[in-house]
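See below for the structure under consideration.
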Amino acid sequence: MSTITYEEPAPTPLALLLLGQQADPASERGVDCPGDLPAASDPDLVARARAAKAALGDRVFVLGHHYQRDEVIEFADVTGDSFKLARDAANRPEAEFIVFCGVHFMAESADILTGPDQRVILPDLAAGCSMADMATAEQVAECWDALTDAGIADTVVPVAYMNSSADIKAFTGSHGGTICTSSNAQRALEWAFEQGQKVLFLPDQHLGRNTAVRDLGIGLDECVVYNPHKPNGGLTVEQLRAAKMILWRGHCSVHGRFSLDSVNEVRERIPGVTVLVHPECRHEVVQAADLVGSTEYIIKALDAAEPGSKWAIGTELNLVRRLAKAHPDKEIAFLDRTVCFCSTMNRIDLPHLVWALESLVAGRVPNVITVDPTTSAHARAALDQMLALP
């Protein structure tokens with residue numbers, strides 16, 4: 001039988017935040033939906049969602065990120081990671097409305113890649129991303145000034161993770177860099193080192209460090225962390241000049257919660273378990289794991305796993321639950337005993353989806369995500385460079 005080892009949170013403020021039922025000013029847009037949002041207790045929500053989606057027909061295309069709630073995934077036309085979903089949207093030019101059940105930076109990417117006659121809608125504008133918000137355009141410009149003052153800017157190639165704002169993608173494109181996903185980060189870094197001597201990797205320090213050290217053989221002592229909240233990033237000119245990888249001080253609030261203790265505890269609790277984690281986890285967690293890979297890698301690994309095999313998965317809990325349900329012949333455990341939802345992703349629930357779809361049926365287009373043409377052009381250049389990677 002399938003087993004998930006976690007405890008449901010008690011209704012404390014922290015638990016409600018993890019479930020997407022409280023605000024997080026540090027990582028959310030902090031706005032409310034205009035109009036009447038259906039009550040979560042409305043017994044007709046599923047029927048209303050079906051009716052609204054049917055009324056819109058081919059005019060609407062609903063995207064559901066892997067970390068989204070099951071109640072929302074049920075109505076997604078496609079599911080996937082952020083870049084796959086943005087590309088899927090671009091491949092549906094007949095869809096007038098793209099309803100993106102993800103977070104803000106994902107909707108921005110969809111707007112960049114879709115046509116001018118398509119409108120991208122985020123059901124709840126409060127669905128931000130704490131990692132993406134850890135790097136602002138102003139902070140990155142200050143970082144580049146520090147690299148210029150150190151005399152190394154012309155040797156640095158920026159590589160931005162897909163989990164970044166349109167502004168950061170645009171900065172990357174305008175400075176000759178590329179975007180990467182967790183699946184192709186190694187190829188992106190290999191390409192970057194062919195263009196220059198150093199890489200500025202942002203905003204997730206863990207993905208950058210893990211890829212550089214595990215996949216490229218770069219030493220930990222050749223990686224430095226740039227802290228945007230300290231003068232000169234908290235680094236000396238000598239440290240910047242000596243480094244090969246300049247890592248932005250950012251992280252995923254979900255994957256950053258896993259610890260070496262989590263790995264050791266699950267190995268004691270489940271003898272013979274295979275520990276599989278996402279590369280956004282801390283370096284010591286990745287080192288202790290048996291397998292490391294992107295969300296798509298995790299899904300494919302479990303699809304191919306032998307019946308009766310035991311797995312502990314270090315990624316977002318909604319996905320782990322869904323994988324356990326899909327593979328009842330395997331023992332699939334959550335890596336940590338504490339609940340680890342993506343709080344901002346969870347803000348998009350069935351009431352918000354129903355509200356967005358019914359608004360479209362009524363002729364109102366809510367929560368449109370629009371990236372200005374200049375930013376879009378530079379960001380598109382960085383995305384195109386990623387698509388051109390060998």
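Labeling convention for the structure tokens: chains A, B, ... as they appear, residues from 1 per chain, ligands from 1 in order of appearance.
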**Request:** Do a neighbour search on range 138-144 of chain A at 9 Å with only C-alpha atoms, toss out local chain neighbours closer than 4 positions, and write the hits as JSON, numbers by chain.
**Result:** {"A": [148, 149, 153, 168, 171, 226, 228, 229, 232, 233]}
**Message:** Please return, as a PyMOL selection string, all residues of range 124-235 of chain A that DSSP assigns to strand (DSSP E or B) on the basis of the backbone.
**Reply:** chain A and resi 156-161+178-180+198-202+223-226
Can you spit out the residues from that selection as a compact mmCIF listing (two decimals), in the first residue's frame, using C-alpha atoms?
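Written output follows (again_2.txt):
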```
# COMPACT_ATOMS: atom_id res chain seq x y z
CA VAL A 156 30.74 37.19 -16.19
CA VAL A 157 27.79 35.52 -17.93
CA PRO A 158 24.44 35.72 -16.12
CA VAL A 159 22.33 32.57 -15.89
CA ALA A 160 18.85 33.06 -14.46
CA TYR A 161 16.67 30.23 -13.23
CA THR A 178 20.53 32.49 -20.72
CA ILE A 179 17.65 31.09 -18.71
CA CYS A 180 17.76 27.56 -17.33
CA LYS A 198 32.52 33.30 -14.44
CA VAL A 199 28.77 32.85 -13.94
CA LEU A 200 26.34 35.00 -11.99
CA PHE A 201 23.60 32.51 -11.08
CA LEU A 202 20.31 33.82 -9.77
CA CYS A 223 31.50 29.41 -5.23
CA VAL A 224 30.63 32.59 -3.36
CA VAL A 225 27.23 33.89 -2.27
CA TYR A 226 26.25 37.46 -3.14
```
**Message:** Residues within 8 Å of Val368 in chain A, please, as a list in words. Count only C-alpha atoms; anything in the same chain fewer than 2 positions from it doesn't count.
**Reply:**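 Answer for this query is Arg119, Val120, Ile121, Leu122, Val365, Pro366 and Thr370 of chain A.
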**Prompt:** Excluding same-chain residues fewer than 3 positions from Tyr297 in chain A, what lies within 10 Å of it counting only C-alpha atoms, as a list in words?
**Reply:**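 The contact residues come out as Ser182, Ser183, Leu276, Val277, His278, Leu291, Val292, Gly293, Ser294, Lys300, Ala301, Leu302 and Asp303 of chain A.
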For the interface of range 138-251 of chain A with range 109-118 of chain A (cut-off 9 Å, counting only C-alpha atoms), please tabulate each contacting residue of range 138-251 of chain A alongside its nearest pair of atoms and their separation in Å to one decimal, rows sorted by chain and increasing number, as a tab-separated table.
```
residue	atom	partner	partner_atom	distance
A:Met162	CA	A:Ser109	CA	8.6
A:Ser165	CA	A:Ser109	CA	8.4
A:Ala166	CA	A:Ser109	CA	7.0
```
Residues of range 316-336 of chain A at most 10 Å from range 242-260 of chain A: nearest atom pair and distance in Å, only C-alpha atoms, as CSV:
```
residue,atom,partner,partner_atom,distance
A:Glu316,CA,A:Val254,CA,6.5
A:Leu317,CA,A:Val254,CA,9.1
A:Leu335,CA,A:Phe258,CA,7.5
A:Asp336,CA,A:Phe258,CA,6.6
```
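Every protein or nucleic acid residue with an atom no more than 8 Å from Leu319 in chain A, counting only C-alpha atoms and leaving out same-chain residues fewer than 3 positions away, appears here: His66, Tyr67, Gln68, Thr315, Glu316, Arg322 and Leu323 of chain A.
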